[in-house]
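Raw contents of work33.txt, compact mmCIF, C-alpha atoms:
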```
# COMPACT_ATOMS: atom_id res chain seq x y z
CA MET V 1 169.64 57.15 100.42
CA THR V 2 170.12 60.93 100.53
CA THR V 3 167.40 63.28 99.37
CA PRO V 4 168.72 65.79 96.82
CA LYS V 5 168.86 69.34 98.10
CA THR V 6 166.33 71.70 96.58
CA PRO V 7 166.07 75.47 97.03
CA ASP V 8 163.18 74.92 99.49
CA THR V 9 165.15 72.44 101.61
CA PRO V 10 166.93 74.15 104.53
CA ASN V 11 170.50 73.28 105.41
CA PRO V 12 170.73 70.54 108.03
CA PRO V 13 171.81 71.83 111.47
CA ASN V 14 175.54 72.55 111.80
CA THR V 15 176.08 72.38 108.03
CA PRO V 16 178.45 75.14 106.93
CA LEU V 17 177.15 77.29 104.09
CA ALA V 18 180.68 77.86 102.77
CA PRO V 19 184.08 76.31 103.43
CA GLU V 20 186.67 78.47 105.09
CA ILE V 21 189.49 79.75 102.94
CA GLY V 22 192.26 77.21 103.11
CA GLY V 23 189.78 74.35 103.55
CA ALA V 24 190.17 70.87 102.11
CA ALA V 25 191.62 70.58 98.63
CA GLY V 26 188.99 70.81 95.95
CA GLN V 27 186.44 72.56 98.16
CA GLN V 28 185.15 75.68 96.47
CA HIS V 29 182.43 78.08 97.49
CA PRO V 30 180.17 79.03 94.56
CA VAL V 31 180.90 82.73 95.23
CA PRO V 32 184.61 83.33 95.85
CA LEU V 33 185.63 84.34 99.36
CA VAL V 34 188.29 87.01 99.82
CA ARG V 35 190.35 87.29 102.99
CA VAL V 36 192.15 90.60 103.53
CA GLU V 37 195.40 90.42 105.46
CA PRO V 38 196.61 91.63 107.88
CA LEU V 39 193.06 92.83 108.73
CA GLY V 40 191.83 89.22 108.89
CA VAL V 41 188.38 89.97 107.43
CA THR V 42 186.70 87.69 104.87
CA PHE V 43 183.95 88.70 102.43
CA GLU V 44 182.15 87.29 99.40
CA ALA V 45 183.19 88.58 95.97
CA PRO V 46 180.47 87.80 93.41
CA PRO V 47 181.54 87.78 89.75
CA GLU V 48 179.52 90.90 88.92
CA LEU V 49 181.55 93.05 91.37
CA THR V 50 185.16 94.16 91.40
CA LEU V 51 187.15 93.36 94.52
CA LEU V 52 186.90 97.02 95.53
CA GLU V 53 183.10 97.03 95.18
CA ALA V 54 182.65 93.70 96.99
CA ALA V 55 184.86 94.90 99.83
CA ALA V 56 182.83 98.10 100.21
CA PHE V 57 179.55 96.13 100.35
CA ALA V 58 181.13 94.03 103.11
CA GLY V 59 182.16 97.09 105.12
CA VAL V 60 185.86 96.85 104.25
CA ARG V 61 187.67 99.97 103.07
CA LEU V 62 190.44 99.27 100.57
CA PRO V 63 192.64 102.11 99.28
CA ARG V 64 191.02 103.71 96.21
CA LEU V 65 190.83 106.82 94.07
CA CYS V 66 190.15 106.60 90.31
CA ARG V 67 188.25 103.28 90.18
CA ASN V 68 189.28 102.69 86.55
CA GLY V 69 192.72 101.07 86.78
CA THR V 70 194.95 104.06 86.09
CA CYS V 71 195.96 105.77 89.36
CA ARG V 72 197.31 102.62 91.10
CA THR V 73 196.07 103.72 94.53
CA CYS V 74 194.36 100.36 95.03
CA ILE V 75 197.38 98.20 94.13
CA CYS V 76 197.77 95.18 96.37
CA ARG V 77 199.16 91.67 96.17
CA VAL V 78 197.26 88.43 95.70
CA LEU V 79 198.84 86.01 98.18
CA SER V 80 196.74 83.10 96.91
CA GLY V 81 194.02 82.61 94.31
CA ASP V 82 193.24 83.93 90.83
CA VAL V 83 191.60 87.06 89.42
CA ARG V 84 190.58 88.37 86.04
CA PHE V 85 190.53 92.01 84.98
CA THR V 86 187.64 94.07 83.63
CA ILE V 87 189.99 95.92 81.27
CA GLU V 88 192.54 94.50 78.85
CA TRP V 89 195.66 95.91 80.45
CA PRO V 90 195.33 97.50 83.90
CA GLY V 91 197.99 99.96 85.06
CA LEU V 92 200.45 97.23 86.05
CA SER V 93 203.79 96.27 84.54
CA ARG V 94 204.34 92.71 83.32
CA GLU V 95 206.65 92.19 86.29
CA GLU V 96 204.03 93.39 88.77
CA LYS V 97 201.40 91.09 87.26
CA ALA V 98 203.87 88.19 87.39
CA GLU V 99 204.55 88.95 91.08
CA GLY V 100 200.83 88.81 91.89
CA TYR V 101 199.97 92.49 92.11
CA VAL V 102 196.45 93.57 91.14
CA LEU V 103 194.36 96.73 91.06
CA THR V 104 191.27 95.95 93.10
CA CYS V 105 189.15 98.49 91.20
CA VAL V 106 189.39 96.42 87.99
CA ALA V 107 189.94 92.90 89.38
CA ILE V 108 187.29 90.21 89.81
CA ALA V 109 187.85 87.09 91.92
CA GLN V 110 187.90 83.86 89.93
CA THR V 111 188.65 81.70 92.98
CA ASP V 112 188.89 82.21 96.73
CA LEU V 113 191.59 84.82 97.40
CA VAL V 114 193.91 86.05 100.09
CA LEU V 115 194.92 89.68 99.51
CA GLY V 116 197.76 91.50 101.19
CA VAL V 117 196.40 95.03 101.81
CA PRO V 118 198.26 96.68 104.71
CA ASP V 119 196.12 99.86 104.55
CA ALA V 120 192.72 98.10 104.64
CA THR V 121 190.33 99.14 107.41
CA MET V 122 186.75 98.51 108.41
CA LEU V 123 184.23 101.18 107.35
```

Could you spell out this file's structure in C-alpha cells?
Amino acid sequence: MTTPKTPDTPNPPNTPLAPEIGGAAGQQHPVPLVRVEPLGVTFEAPPELTLLEAAAFAGVRLPRLCRNGTCRTCICRVLSGDVRFTIEWPGLSREEKAEGYVLTCVAIAQTDLVLGVPDATML
C-alpha cells in the first residue's frame, strides 16, 4: 500500500519533480513548461504570468517592446502546445493565429509549449 503524498512528505530519491517536455503521453506538469528553440532553454510559465514575464524571471530574454500586444516585436511561433491571450484580439491576423504565431507579451501557457524564437538569448 502506498502512503498518499502530503505537502510535508519529501519526494522519494530520484523522483523527478516535473516530466520533461515531450515525455509520455498524458504526463502534464501542474505549471506548464516552455522550451525555447533554438536556444534549448526550458522554464516554468505559471498561469499568472505572460510568456514574456515568465521568460524574464527565468533569465531568458525574448524580443519585446510595447508589452501590450500592439507592436508585434515579440511575435514568435508555437511549435507545440496551447496558449490563451490576455486580450481579446492581439495584434495578429487570423492567418497568423491559425499558423501558430503568438505575441509573448499577451500570451499565457495553457499546456507545455515549445516556442520558436530565433532571437532569444540568456540575460

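Going from atom CA of Arg61 of chain V to atom CA of Gly100 of chain V covers 20.6 Å.
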
Edge lengths and centre in Å, axis-aligned, segment 35-48 of chain V plus 3 Å each side, as lines of an AutoDock Vina configuration file:
```
center_x = 188.1
center_y = 90.1
center_z = 98.9
size_x = 23.1
size_y = 11.5
size_z = 26.0
```

Practice item. List the neighbours of segment 72-76 of chain V out to 7 Å using only C-alpha atoms; skip same-chain residues closer than 2 positions along the sequence, and give me the result as number ranges by chain. Key: V: 62-65, 69-70, 78, 91, 101-105, 115-117

Practice item. Rank V:Ala55, V:Leu39, V:Leu79, V:Cys66 by their smallest atom-to-atom distance to Glu99 of chain V, using only C-alpha atoms, and report the top residue only. Key: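 Closest to Glu99 of chain V, using only C-alpha atoms: V:Leu79.
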
Exercise for review: Around the point (186.5, 98.8, 105.1), in the coordinates given by the file, pick out the residues reaching within 8 Å, counting all atoms listed in the file, and return them as a list in words.
Suggested key: Ala55, Ala56, Ala58, Gly59, Val60, Arg61, Leu62, Ala120, Thr121, Met122 and Leu123 of chain V

Practice item. Mind checking which residues fall within 9 Å of Pro32 of chain V, counting all atoms listed in the file, ignoring those fewer than 4 positions away in the same chain, and posting them as a ChimeraX atom specification? Key: /V:28,43-47,109-113

Review point. With distances taken over all atoms listed in the file, which of V:Val31, V:Glu37, V:Arg77, V:Arg67 is nearest to Pro90 of chain V?
Key: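 Once distances to Pro90 of chain V are computed over all atoms listed in the file, the minimum belongs to V:Arg67.
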
Exercise for review: Excluding Glu88 of chain V and any residue of its chain fewer than 4 positions from it, enumerate the residues within 12 Å of it, using all atoms listed in the file, and give them as a list in words.
Suggested key: Asn68, Gly69, Arg84, Leu92, Val106 and Ala107 of chain V

Practice item. Rounded to one decimal place, report the atom CA of Ile87 of chain V-atom CA of Val114 of chain V distance in Å. Key: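 Atom-to-atom, atom CA of Ile87 of chain V and atom CA of Val114 of chain V are spaced 21.6 Å apart.
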
**Study point:** Two-atom distance - atom CA of Glu53 of chain V, atom CA of Glu96 of chain V (Å)
**Key:** 22.2 Å
